[in-house]
file structure_34.pdb (PDB, C-alpha atoms and all ligand atoms)
MODEL        1
ATOM      1  CA  MET K 123      37.329  53.745  74.996
ATOM      2  CA  ALA K 124      40.075  51.941  76.874
ATOM      3  CA  GLU K 125      42.824  49.944  75.186
ATOM      4  CA  PRO K 126      42.672  46.235  75.861
ATOM      5  CA  LEU K 127      45.180  45.321  78.559
ATOM      6  CA  ASN K 128      47.159  42.657  76.776
ATOM      7  CA  GLY K 129      48.988  42.442  73.487
ATOM      8  CA  HIS K 130      46.332  40.220  71.901
ATOM      9  CA  GLY K 131      43.920  43.056  71.346
ATOM     10  CA  SER K 132      46.463  45.725  70.578
ATOM     11  CA  GLU K 133      45.549  45.900  66.886
ATOM     12  CA  ARG K 134      42.079  46.759  68.112
ATOM     13  CA  GLU K 135      40.350  44.806  65.395
ATOM     14  CA  VAL K 136      36.684  44.826  66.274
ATOM     15  CA  VAL K 137      35.166  41.349  65.951
ATOM     16  CA  ILE K 138      31.763  42.157  67.400
ATOM     17  CA  SER K 139      30.153  45.518  66.900
ATOM     18  CA  GLY K 140      26.683  46.267  68.231
ATOM     19  CA  ARG K 141      25.095  49.630  67.469
ATOM     20  CA  GLY K 142      21.868  51.131  68.750
ATOM     21  CA  ILE K 143      20.633  47.810  70.107
ATOM     22  CA  THR K 144      17.116  48.120  71.502
ATOM     23  CA  VAL K 145      15.278  45.124  72.953
ATOM     24  CA  GLY K 146      11.990  45.054  74.835
ATOM     25  CA  PHE K 147       9.327  42.691  76.085
ATOM     26  CA  GLY K 148       5.819  44.131  75.922
ATOM     27  CA  ASP K 149       6.001  47.701  77.152
ATOM     28  CA  ARG K 150       9.265  47.058  79.016
ATOM     29  CA  LEU K 151      12.509  48.103  77.359
ATOM     30  CA  ILE K 152      15.483  46.047  78.561
ATOM     31  CA  LEU K 153      18.172  47.485  76.276
ATOM     32  CA  GLU K 154      17.933  50.865  74.590
ATOM     33  CA  ASN K 155      20.271  52.260  71.983
ATOM     34  CA  LEU K 156      23.137  50.160  73.336
ATOM     35  CA  ASP K 157      26.555  50.239  71.636
ATOM     36  CA  ILE K 158      29.228  47.640  72.280
ATOM     37  CA  ASP K 159      32.540  46.628  70.696
ATOM     38  CA  VAL K 160      34.552  43.493  71.339
ATOM     39  CA  TYR K 161      38.170  43.304  70.158
ATOM     40  CA  ARG K 162      39.937  40.285  68.721
ATOM     41  CA  GLY K 163      41.803  38.271  71.324
ATOM     42  CA  GLU K 164      40.390  39.969  74.361
ATOM     43  CA  ILE K 165      38.382  38.575  77.243
ATOM     44  CA  LEU K 166      35.525  40.994  77.826
ATOM     45  CA  GLY K 167      33.620  40.623  81.084
ATOM     46  CA  VAL K 168      30.016  41.840  80.951
ATOM     47  CA  VAL K 169      28.577  42.670  84.372
ATOM     48  CA  GLY K 170      25.564  44.452  85.790
ATOM     49  CA  ALA K 171      22.896  44.056  88.438
ATOM     50  CA  SER K 172      20.566  41.100  88.134
ATOM     51  CA  GLY K 173      17.989  41.682  85.419
ATOM     52  CA  THR K 174      19.897  44.427  83.590
ATOM     53  CA  GLY K 175      19.864  42.373  80.402
ATOM     54  CA  LYS K 176      23.266  40.698  80.204
ATOM     55  CA  SER K 177      21.881  37.387  78.961
ATOM     56  CA  VAL K 178      19.443  39.244  76.707
ATOM     57  CA  LEU K 179      22.392  41.099  75.175
ATOM     58  CA  LEU K 180      24.297  37.857  74.629
ATOM     59  CA  ARG K 181      21.264  36.254  72.991
ATOM     60  CA  THR K 182      20.648  39.366  70.871
ATOM     61  CA  ILE K 183      24.209  39.389  69.544
ATOM     62  CA  LEU K 184      23.801  35.712  68.648
ATOM     63  CA  GLY K 185      20.550  36.460  66.830
ATOM     64  CA  LEU K 186      18.563  34.298  69.269
ATOM     65  CA  GLN K 187      16.612  37.288  70.559
ATOM     66  CA  SER K 188      14.863  39.718  68.217
ATOM     67  CA  LYS K 189      15.540  43.400  68.645
ATOM     68  CA  ARG K 190      13.416  46.455  68.005
ATOM     69  CA  ALA K 191      16.285  48.482  66.613
ATOM     70  CA  GLY K 192      20.010  48.368  66.042
ATOM     71  CA  SER K 193      22.549  46.288  64.199
ATOM     72  CA  VAL K 194      25.134  43.635  64.945
ATOM     73  CA  GLU K 195      28.272  43.002  62.946
ATOM     74  CA  ILE K 196      30.312  39.867  63.638
ATOM     75  CA  LEU K 197      33.788  39.259  62.203
ATOM     76  CA  GLY K 198      33.323  42.208  59.880
ATOM     77  CA  THR K 199      30.036  40.975  58.400
ATOM     78  CA  PRO K 200      26.588  42.429  59.079
ATOM     79  CA  TYR K 201      24.857  39.595  60.886
ATOM     80  CA  ASP K 202      21.244  40.773  60.886
ATOM     81  CA  ASP K 203      20.695  41.031  57.152
ATOM     82  CA  ALA K 204      23.004  38.184  56.199
ATOM     83  CA  ASP K 205      21.577  35.469  53.970
ATOM     84  CA  ALA K 206      21.289  31.965  55.395
ATOM     85  CA  ASP K 207      24.649  30.803  53.997
ATOM     86  CA  THR K 208      26.573  33.816  55.303
ATOM     87  CA  ARG K 209      24.898  33.480  58.663
ATOM     88  CA  ALA K 210      25.704  29.784  58.852
ATOM     89  CA  SER K 211      29.348  30.478  58.034
ATOM     90  CA  ILE K 212      29.497  33.087  60.824
ATOM     91  CA  ASP K 213      27.714  30.742  63.231
ATOM     92  CA  ARG K 214      30.409  28.152  62.637
ATOM     93  CA  ARG K 215      32.984  30.634  63.989
ATOM     94  CA  LEU K 216      31.050  31.103  67.246
ATOM     95  CA  GLY K 217      31.021  28.858  70.304
ATOM     96  CA  VAL K 218      28.515  29.260  73.109
ATOM     97  CA  LEU K 219      28.436  28.006  76.671
ATOM     98  CA  PHE K 220      25.011  28.724  78.124
ATOM     99  CA  GLN K 221      24.409  29.317  81.807
ATOM    100  CA  GLN K 222      23.284  25.806  82.744
ATOM    101  CA  GLY K 223      25.876  24.043  80.611
ATOM    102  CA  ALA K 224      22.976  22.657  78.574
ATOM    103  CA  LEU K 225      24.463  19.294  77.647
ATOM    104  CA  PHE K 226      22.094  16.773  76.103
ATOM    105  CA  SER K 227      21.384  14.445  79.004
ATOM    106  CA  SER K 228      20.820  11.394  76.824
ATOM    107  CA  LEU K 229      24.163  11.711  75.020
ATOM    108  CA  THR K 230      27.639  10.894  76.308
ATOM    109  CA  VAL K 231      30.216  13.667  76.614
ATOM    110  CA  LEU K 232      31.796  12.507  73.352
ATOM    111  CA  GLN K 233      28.446  12.562  71.549
ATOM    112  CA  ASN K 234      27.690  16.007  72.982
ATOM    113  CA  VAL K 235      30.979  17.372  71.657
ATOM    114  CA  GLU K 236      30.314  15.751  68.290
ATOM    115  CA  PHE K 237      26.839  17.254  68.056
ATOM    116  CA  PRO K 238      27.850  20.548  66.347
ATOM    117  CA  MET K 239      30.227  18.657  64.040
ATOM    118  CA  ARG K 240      27.398  16.367  62.964
ATOM    119  CA  GLU K 241      25.254  19.422  62.229
ATOM    120  CA  HIS K 242      27.829  21.403  60.261
ATOM    121  CA  LEU K 243      30.439  19.003  58.881
ATOM    122  CA  HIS K 244      30.498  15.830  56.869
ATOM    123  CA  LEU K 245      33.145  13.790  58.596
ATOM    124  CA  SER K 246      33.580  10.099  59.170
ATOM    125  CA  GLN K 247      32.666   8.819  62.631
ATOM    126  CA  ARG K 248      36.316   7.949  63.262
ATOM    127  CA  LEU K 249      37.524  11.458  62.484
ATOM    128  CA  MET K 250      34.770  13.024  64.590
ATOM    129  CA  ASP K 251      35.705  10.760  67.499
ATOM    130  CA  GLU K 252      39.334  11.807  67.159
ATOM    131  CA  LEU K 253      38.532  15.507  66.975
ATOM    132  CA  ALA K 254      36.100  15.318  69.886
ATOM    133  CA  ARG K 255      38.689  13.546  72.023
ATOM    134  CA  VAL K 256      41.179  16.330  71.260
ATOM    135  CA  LYS K 257      38.646  18.911  72.498
ATOM    136  CA  ILE K 258      37.949  16.861  75.614
ATOM    137  CA  ASP K 259      41.651  16.783  76.339
ATOM    138  CA  LEU K 260      41.974  20.501  75.591
ATOM    139  CA  VAL K 261      39.544  21.416  78.371
ATOM    140  CA  GLY K 262      41.406  19.286  80.894
ATOM    141  CA  LEU K 263      39.033  16.326  81.125
ATOM    142  CA  ALA K 264      40.445  12.804  81.436
ATOM    143  CA  PRO K 265      39.951  10.556  78.382
ATOM    144  CA  GLU K 266      37.504   8.358  80.359
ATOM    145  CA  ALA K 267      35.146  11.336  80.670
ATOM    146  CA  ALA K 268      34.319  10.961  76.962
ATOM    147  CA  ASP K 269      32.095   7.960  77.598
ATOM    148  CA  ARG K 270      30.328   9.326  80.672
ATOM    149  CA  MET K 271      26.760  10.603  80.713
ATOM    150  CA  PRO K 272      26.239  14.210  81.930
ATOM    151  CA  SER K 273      24.476  12.891  85.063
ATOM    152  CA  GLU K 274      27.725  11.173  86.069
ATOM    153  CA  LEU K 275      29.745  14.414  85.978
ATOM    154  CA  SER K 276      30.524  16.963  88.693
ATOM    155  CA  GLY K 277      29.536  20.612  88.134
ATOM    156  CA  GLY K 278      33.076  21.504  87.100
ATOM    157  CA  MET K 279      33.240  18.619  84.651
ATOM    158  CA  ILE K 280      29.909  19.642  83.106
ATOM    159  CA  LYS K 281      31.285  23.148  82.508
ATOM    160  CA  ARG K 282      34.393  21.705  80.908
ATOM    161  CA  ALA K 283      32.408  19.293  78.749
ATOM    162  CA  SER K 284      30.151  22.173  77.656
ATOM    163  CA  LEU K 285      33.216  24.205  76.830
ATOM    164  CA  ALA K 286      34.601  21.293  74.790
ATOM    165  CA  ARG K 287      31.355  21.304  72.828
ATOM    166  CA  ALA K 288      31.571  25.096  72.377
ATOM    167  CA  LEU K 289      35.074  24.570  70.950
ATOM    168  CA  ALA K 290      34.007  21.740  68.637
ATOM    169  CA  MET K 291      34.030  23.871  65.492
ATOM    170  CA  ASP K 292      37.274  25.735  66.313
ATOM    171  CA  PRO K 293      35.440  29.022  66.932
ATOM    172  CA  ALA K 294      37.026  32.458  66.726
ATOM    173  CA  ILE K 295      34.709  33.854  69.396
ATOM    174  CA  VAL K 296      33.358  32.111  72.472
ATOM    175  CA  PHE K 297      30.365  33.359  74.439
ATOM    176  CA  LEU K 298      30.198  32.293  78.069
ATOM    177  CA  ASP K 299      27.143  32.981  80.230
ATOM    178  CA  GLU K 300      28.208  32.922  83.887
ATOM    179  CA  PRO K 301      30.690  30.089  83.350
ATOM    180  CA  THR K 302      31.839  29.871  86.958
ATOM    181  CA  SER K 303      28.425  30.040  88.626
ATOM    182  CA  GLY K 304      27.804  26.977  90.763
ATOM    183  CA  LEU K 305      31.503  26.115  90.994
ATOM    184  CA  ASP K 306      33.423  26.213  94.265
ATOM    185  CA  PRO K 307      36.176  28.874  94.400
ATOM    186  CA  ILE K 308      38.910  26.419  93.442
ATOM    187  CA  GLY K 309      36.885  25.010  90.539
ATOM    188  CA  ALA K 310      36.041  28.548  89.439
ATOM    189  CA  ALA K 311      39.690  29.657  89.567
ATOM    190  CA  GLU K 312      40.724  26.591  87.555
ATOM    191  CA  PHE K 313      38.052  27.323  84.973
ATOM    192  CA  ASP K 314      39.224  30.935  84.719
ATOM    193  CA  GLU K 315      42.755  29.696  84.191
ATOM    194  CA  LEU K 316      41.536  27.370  81.454
ATOM    195  CA  ILE K 317      39.752  30.229  79.673
ATOM    196  CA  ALA K 318      42.889  32.375  79.807
ATOM    197  CA  THR K 319      45.051  29.495  78.535
ATOM    198  CA  LEU K 320      42.686  28.792  75.645
ATOM    199  CA  ARG K 321      42.626  32.451  74.725
ATOM    200  CA  ASP K 322      46.415  32.510  74.730
ATOM    201  CA  THR K 323      46.902  29.264  72.819
ATOM    202  CA  LEU K 324      43.975  29.394  70.391
ATOM    203  CA  GLY K 325      43.753  33.177  70.024
ATOM    204  CA  LEU K 326      40.102  33.121  71.052
ATOM    205  CA  THR K 327      38.020  36.189  71.691
ATOM    206  CA  VAL K 328      35.839  35.726  74.766
ATOM    207  CA  PHE K 329      32.552  37.477  75.591
ATOM    208  CA  MET K 330      31.840  36.490  79.173
ATOM    209  CA  VAL K 331      28.779  37.404  81.209
ATOM    210  CA  THR K 332      29.812  37.029  84.826
ATOM    211  CA  HIS K 333      29.062  37.983  88.417
ATOM    212  CA  ASP K 334      32.371  36.576  89.512
ATOM    213  CA  LEU K 335      34.664  39.300  90.818
ATOM    214  CA  ASP K 336      37.606  36.903  90.825
ATOM    215  CA  SER K 337      37.142  36.320  87.097
ATOM    216  CA  LEU K 338      36.891  40.036  86.461
ATOM    217  CA  HIS K 339      40.130  40.626  88.331
ATOM    218  CA  THR K 340      42.125  37.720  87.027
ATOM    219  CA  VAL K 341      41.148  37.023  83.414
ATOM    220  CA  CYS K 342      39.165  39.904  81.952
ATOM    221  CA  ASP K 343      41.094  42.434  79.871
ATOM    222  CA  ARG K 344      38.158  44.780  79.781
ATOM    223  CA  ILE K 345      34.837  45.055  81.535
ATOM    224  CA  ALA K 346      31.527  46.428  80.268
ATOM    225  CA  VAL K 347      28.948  47.348  82.887
ATOM    226  CA  LEU K 348      25.288  47.208  81.889
ATOM    227  CA  GLY K 349      22.847  49.527  83.609
ATOM    228  CA  GLU K 350      20.028  51.873  82.723
ATOM    229  CA  ARG K 351      19.454  49.831  79.535
ATOM    230  CA  HIS K 352      22.879  50.510  78.025
ATOM    231  CA  VAL K 353      26.616  50.129  78.642
ATOM    232  CA  LEU K 354      27.215  52.455  81.591
ATOM    233  CA  ILE K 355      30.971  52.205  81.322
ATOM    234  CA  GLU K 356      33.530  49.988  79.618
ATOM    235  CA  GLY K 357      37.234  49.797  80.289
ATOM    236  CA  THR K 358      39.840  48.295  82.558
ATOM    237  CA  MET K 359      39.375  47.385  86.203
ATOM    238  CA  GLN K 360      41.066  50.684  87.069
ATOM    239  CA  ASP K 361      38.485  52.529  84.965
ATOM    240  CA  MET K 362      35.766  50.773  86.982
ATOM    241  CA  LEU K 363      37.350  51.776  90.277
ATOM    242  CA  ASP K 364      37.591  55.386  89.112
ATOM    243  CA  PHE K 365      34.044  55.595  87.739
ATOM    244  CA  ASP K 366      31.702  57.765  89.756
ATOM    245  CA  ASP K 367      28.492  55.741  89.843
ATOM    246  CA  PRO K 368      26.932  54.351  93.049
ATOM    247  CA  TRP K 369      26.277  50.821  91.729
ATOM    248  CA  VAL K 370      29.699  50.552  90.068
ATOM    249  CA  GLN K 371      31.422  51.825  93.214
ATOM    250  CA  LYS K 372      29.516  49.444  95.462
ATOM    251  CA  TYR K 373      30.135  46.497  93.155
ATOM    252  CA  PHE K 374      33.828  47.030  92.549
ATOM    253  CA  ARG K 375      34.750  48.583  95.879
ATOM    254  CA  GLY K 376      32.359  46.736  98.209
ATOM    255  CA  VAL K 377      33.309  44.247 100.901
ATOM    256  CA  ARG K 378      33.427  41.271  98.514
ATOM    257  CA  ALA K 379      35.469  43.254  96.019
ATOM    258  CA  ARG K 380      38.042  44.204  98.665
ATOM    259  CA  ARG K 381      38.369  40.551  99.647
ATOM    260  CA  VAL K 382      39.097  39.620  96.023
ATOM    261  CA  GLU K 383      41.551  42.487  95.646
ATOM    262  CA  ASN K 384      43.448  41.306  98.723
ATOM    263  CA  GLU K 385      43.571  37.743  97.450
ATOM    264  CA  VAL K 386      44.788  38.337  93.887
TER
HETATM  265  N1  LIG B 401      11.768  36.015  76.879
HETATM  266  C1  LIG B 401      11.531  36.963  77.793
HETATM  267  N2  LIG B 401      10.295  37.468  77.980
HETATM  268  C2  LIG B 401      10.044  38.440  78.870
HETATM  269  N3  LIG B 401      11.010  38.997  79.642
HETATM  270  C3  LIG B 401      12.254  38.542  79.519
HETATM  271  C4  LIG B 401      12.594  37.502  78.589
HETATM  272  N4  LIG B 401      13.932  37.274  78.668
HETATM  273  C5  LIG B 401      14.395  38.116  79.608
HETATM  274  N5  LIG B 401      13.393  38.879  80.113
HETATM  275  C6  LIG B 401      13.552  39.910  81.143
HETATM  276  O1  LIG B 401      14.589  40.766  80.742
HETATM  277  C7  LIG B 401      15.324  41.199  81.888
HETATM  278  C8  LIG B 401      16.781  40.943  81.684
HETATM  279  O2  LIG B 401      16.989  39.526  81.718
HETATM  280  P1  LIG B 401      18.437  38.893  81.649
HETATM  281  O3  LIG B 401      18.266  37.422  81.835
HETATM  282  O4  LIG B 401      19.142  39.353  80.463
HETATM  283  O5  LIG B 401      19.121  39.521  82.934
HETATM  284  P2  LIG B 401      20.590  39.350  83.442
HETATM  285  O6  LIG B 401      21.212  40.696  83.496
HETATM  286  O7  LIG B 401      21.298  38.308  82.656
HETATM  287  O8  LIG B 401      20.286  38.848  84.931
HETATM  288  P3  LIG B 401      21.015  37.786  85.883
HETATM  289  O9  LIG B 401      22.288  38.429  86.317
HETATM  290  O10 LIG B 401      20.054  37.633  87.000
HETATM  291  O11 LIG B 401      21.208  36.514  85.084
HETATM  292  C9  LIG B 401      14.727  40.463  83.093
HETATM  293  O12 LIG B 401      13.865  41.338  83.748
HETATM  294  C10 LIG B 401      13.998  39.319  82.471
HETATM  295  O13 LIG B 401      12.889  38.969  83.269
ENDMDL
END
call {"tool": "encode", "arguments": {"input": "structure_34.pdb", "output": "structure tokens"}}
result
Amino acid sequence: MAEPLNGHGSEREVVISGRGITVGFGDRLILENLDIDVYRGEILGVVGASGTGKSVLLRTILGLQSKRAGSVEILGTPYDDADADTRASIDRRLGVLFQQGALFSSLTVLQNVEFPMREHLHLSQRLMDELARVKIDLVGLAPEAADRMPSELSGGMIKRASLARALAMDPAIVFLDEPTSGLDPIGAAEFDELIATLRDTLGLTVFMVTHDLDSLHTVCDRIAVLGERHVLIEGTMQDMLDFDDPWVQKYFRGVRARRVENEV
């Protein structure tokens, strides 16, 4: 297995460990005997053809999708068999940004960011407001955005607001499902930059499902490719380029990939 590229993951402390993960729907197996490790402080990009099970894997790690076999350990604790209290304390260390942003449309940005705090913490309204405004600032939104409704936000602002909510509980690990989808290239590059900055400043570990070759080139320390119901290969971008598999070659060395390579 490849070393993470940057110093953050050099101790190679595993913060997510999935072993033998098998998930199916009816008679269709999506993931079979899949192993995956995520190291503290790294940004792992999870890629694969459409329908290979990237979102299913993310949901399975989070315990939102039941599996037929396998185990998941998060932050050194077995997650599957954990009692409710242990599970809740792990959940508090995880932040999630789902594919569609998934903000509550009837709540302001501030109220959306406060939502997880309300669920998990017992804080005064004033303190929650203060903390939520810090998160809103952290993701690069103007203070006025706090009082806006999601319908009044651009796509990029929705992603940032969703990220602020994912950061509400000061998570150790953030899961991002296609965070740059629907953003224009400039918005996507800015979001990538934000993710890298947050990783550097907050020491986050990031598990990012993405189709975005720019993101893979610019912010991901390691990449895991899903295919044939398991992780086909994991490693650095160079490992991807050297890997002898038709889909991997086409994906990382295709026309779009060459354009990205020339630009970064
Ligand atoms: N709840 C479900 N019931 C039945 N099938 C499902 C369910 N969830 C996912 N699937 C199927 O599992 C497969 C993998 O889905 P998943 O959303 O994980 O793909 P993906 O790799 O994230 O794809 P994309 O890149 O298009 O988002 C798909 O064929 C999908 O139809």
call {"tool": "residues_around", "arguments": {"input": "structure_34.pdb", "residues": "range 288-304 of chain K", "least_positions_apart": "6", "cutoff": "9 Å", "atoms": "all atoms listed in the file", "output": "PDB file with C-alpha atoms, in the coordinates of the input"}}
result
ATOM      1  CA  VAL K 137      35.166  41.349  65.951  1.00  0.00           C
ATOM      2  CA  ARG K 162      39.937  40.285  68.721  1.00  0.00           C
ATOM      3  CA  GLY K 163      41.803  38.271  71.324  1.00  0.00           C
ATOM      4  CA  LYS K 176      23.266  40.698  80.204  1.00  0.00           C
ATOM      5  CA  SER K 177      21.881  37.387  78.961  1.00  0.00           C
ATOM      6  CA  LEU K 180      24.297  37.857  74.629  1.00  0.00           C
ATOM      7  CA  LEU K 197      33.788  39.259  62.203  1.00  0.00           C
ATOM      8  CA  ASP K 213      27.714  30.742  63.231  1.00  0.00           C
ATOM      9  CA  ARG K 214      30.409  28.152  62.637  1.00  0.00           C
ATOM     10  CA  ARG K 215      32.984  30.634  63.989  1.00  0.00           C
ATOM     11  CA  LEU K 216      31.050  31.103  67.246  1.00  0.00           C
ATOM     12  CA  GLY K 217      31.021  28.858  70.304  1.00  0.00           C
ATOM     13  CA  VAL K 218      28.515  29.260  73.109  1.00  0.00           C
ATOM     14  CA  LEU K 219      28.436  28.006  76.671  1.00  0.00           C
ATOM     15  CA  PHE K 220      25.011  28.724  78.124  1.00  0.00           C
ATOM     16  CA  GLN K 221      24.409  29.317  81.807  1.00  0.00           C
ATOM     17  CA  GLN K 222      23.284  25.806  82.744  1.00  0.00           C
ATOM     18  CA  GLY K 223      25.876  24.043  80.611  1.00  0.00           C
ATOM     19  CA  VAL K 235      30.979  17.372  71.657  1.00  0.00           C
ATOM     20  CA  GLU K 236      30.314  15.751  68.290  1.00  0.00           C
ATOM     21  CA  PHE K 237      26.839  17.254  68.056  1.00  0.00           C
ATOM     22  CA  PRO K 238      27.850  20.548  66.347  1.00  0.00           C
ATOM     23  CA  MET K 239      30.227  18.657  64.040  1.00  0.00           C
ATOM     24  CA  HIS K 242      27.829  21.403  60.261  1.00  0.00           C
ATOM     25  CA  LEU K 243      30.439  19.003  58.881  1.00  0.00           C
ATOM     26  CA  LEU K 253      38.532  15.507  66.975  1.00  0.00           C
ATOM     27  CA  ALA K 254      36.100  15.318  69.886  1.00  0.00           C
ATOM     28  CA  LYS K 257      38.646  18.911  72.498  1.00  0.00           C
ATOM     29  CA  GLY K 277      29.536  20.612  88.134  1.00  0.00           C
ATOM     30  CA  GLY K 278      33.076  21.504  87.100  1.00  0.00           C
ATOM     31  CA  LYS K 281      31.285  23.148  82.508  1.00  0.00           C
ATOM     32  CA  ALA K 310      36.041  28.548  89.439  1.00  0.00           C
ATOM     33  CA  ALA K 311      39.690  29.657  89.567  1.00  0.00           C
ATOM     34  CA  PHE K 313      38.052  27.323  84.973  1.00  0.00           C
ATOM     35  CA  ASP K 314      39.224  30.935  84.719  1.00  0.00           C
ATOM     36  CA  LEU K 324      43.975  29.394  70.391  1.00  0.00           C
ATOM     37  CA  GLY K 325      43.753  33.177  70.024  1.00  0.00           C
ATOM     38  CA  LEU K 326      40.102  33.121  71.052  1.00  0.00           C
ATOM     39  CA  THR K 327      38.020  36.189  71.691  1.00  0.00           C
ATOM     40  CA  VAL K 328      35.839  35.726  74.766  1.00  0.00           C
ATOM     41  CA  PHE K 329      32.552  37.477  75.591  1.00  0.00           C
ATOM     42  CA  MET K 330      31.840  36.490  79.173  1.00  0.00           C
ATOM     43  CA  VAL K 331      28.779  37.404  81.209  1.00  0.00           C
ATOM     44  CA  THR K 332      29.812  37.029  84.826  1.00  0.00           C
ATOM     45  CA  HIS K 333      29.062  37.983  88.417  1.00  0.00           C
ATOM     46  CA  ASP K 334      32.371  36.576  89.512  1.00  0.00           C
ATOM     47  CA  SER K 337      37.142  36.320  87.097  1.00  0.00           C
TER      48      SER K 337
END
call {"tool": "resolve_selection", "arguments": {"input": "structure_34.pdb", "expression": "the PyMOL selection byres (((not hetatm)) within 7 of (chain B and resi 401))", "output": "PDB file with C-alpha atoms, keeping the file's coordinate frame"}}
result
ATOM      1  CA  PHE K 147       9.327  42.691  76.085  1.00  0.00           C
ATOM      2  CA  ILE K 152      15.483  46.047  78.561  1.00  0.00           C
ATOM      3  CA  GLY K 170      25.564  44.452  85.790  1.00  0.00           C
ATOM      4  CA  ALA K 171      22.896  44.056  88.438  1.00  0.00           C
ATOM      5  CA  SER K 172      20.566  41.100  88.134  1.00  0.00           C
ATOM      6  CA  GLY K 173      17.989  41.682  85.419  1.00  0.00           C
ATOM      7  CA  THR K 174      19.897  44.427  83.590  1.00  0.00           C
ATOM      8  CA  GLY K 175      19.864  42.373  80.402  1.00  0.00           C
ATOM      9  CA  LYS K 176      23.266  40.698  80.204  1.00  0.00           C
ATOM     10  CA  SER K 177      21.881  37.387  78.961  1.00  0.00           C
ATOM     11  CA  VAL K 178      19.443  39.244  76.707  1.00  0.00           C
ATOM     12  CA  LEU K 179      22.392  41.099  75.175  1.00  0.00           C
TER      13      LEU K 179
END
call {"tool": "residues_around", "arguments": {"input": "structure_34.pdb", "residues": "range 348-362 of chain K", "least_positions_apart": "6", "cutoff": "10 Å", "atoms": "only C-alpha atoms", "output": "JSON, numbers by chain"}}
result
{"K": [123, 124, 125, 126, 127, 142, 143, 144, 145, 151, 152, 153, 154, 155, 156, 157, 158, 159, 166, 167, 168, 169, 170, 171, 172, 173, 174, 175, 176, 179, 338, 339, 342, 369, 370, 371, 373, 374, 375]}
call {"tool": "axis_aligned_box", "arguments": {"input": "structure_34.pdb", "around": "range 203-217 of chain K", "padding_each_side": "6 Å", "output": "lines of an AutoDock Vina configuration file"}}
result
center_x = 26.8
center_y = 34.6
center_z = 62.1
size_x = 24.3
size_y = 24.9
size_z = 28.3
call {"tool": "closest_residue", "arguments": {"input": "structure_34.pdb", "among": "K:Gly198, K:Pro272, K:Pro265, K:Gly185", "to": "Ser139 in chain K", "atoms": "only C-alpha atoms"}}
result
K:Gly198
call {"tool": "atom_distance", "arguments": {"input": "structure_34.pdb", "atom1": "CA of Glu195 in chain K", "atom2": "CA of Ile138 in chain K"}}
result
5.7 Å
call {"tool": "atom_distance", "arguments": {"input": "structure_34.pdb", "atom1": "CA of Arg209 in chain K", "atom2": "CA of Arg321 in chain K"}}
result
23.9 Å
call {"tool": "atom_distance", "arguments": {"input": "structure_34.pdb", "atom1": "CA of Leu305 in chain K", "atom2": "CA of Arg282 in chain K"}}
result
11.4 Å
call {"tool": "closest_residue", "arguments": {"input": "structure_34.pdb", "among": "K:Leu335, K:Leu316, K:Ile308, K:Ala224", "to": "Asp259 in chain K", "atoms": "all atoms listed in the file"}}
result
K:Leu316
call {"tool": "closest_residue", "arguments": {"input": "structure_34.pdb", "among": "K:Thr199, K:Arg190, K:Glu135, K:Ala346", "to": "Gly148 in chain K", "atoms": "all atoms listed in the file"}}
result
K:Arg190
call {"tool": "residues_around", "arguments": {"input": "structure_34.pdb", "residues": "Thr230 in chain K", "least_positions_apart": "6", "cutoff": "6 Å", "atoms": "all atoms listed in the file", "output": "list in words"}}
result
Asp269, Arg270 and Met271 of chain K
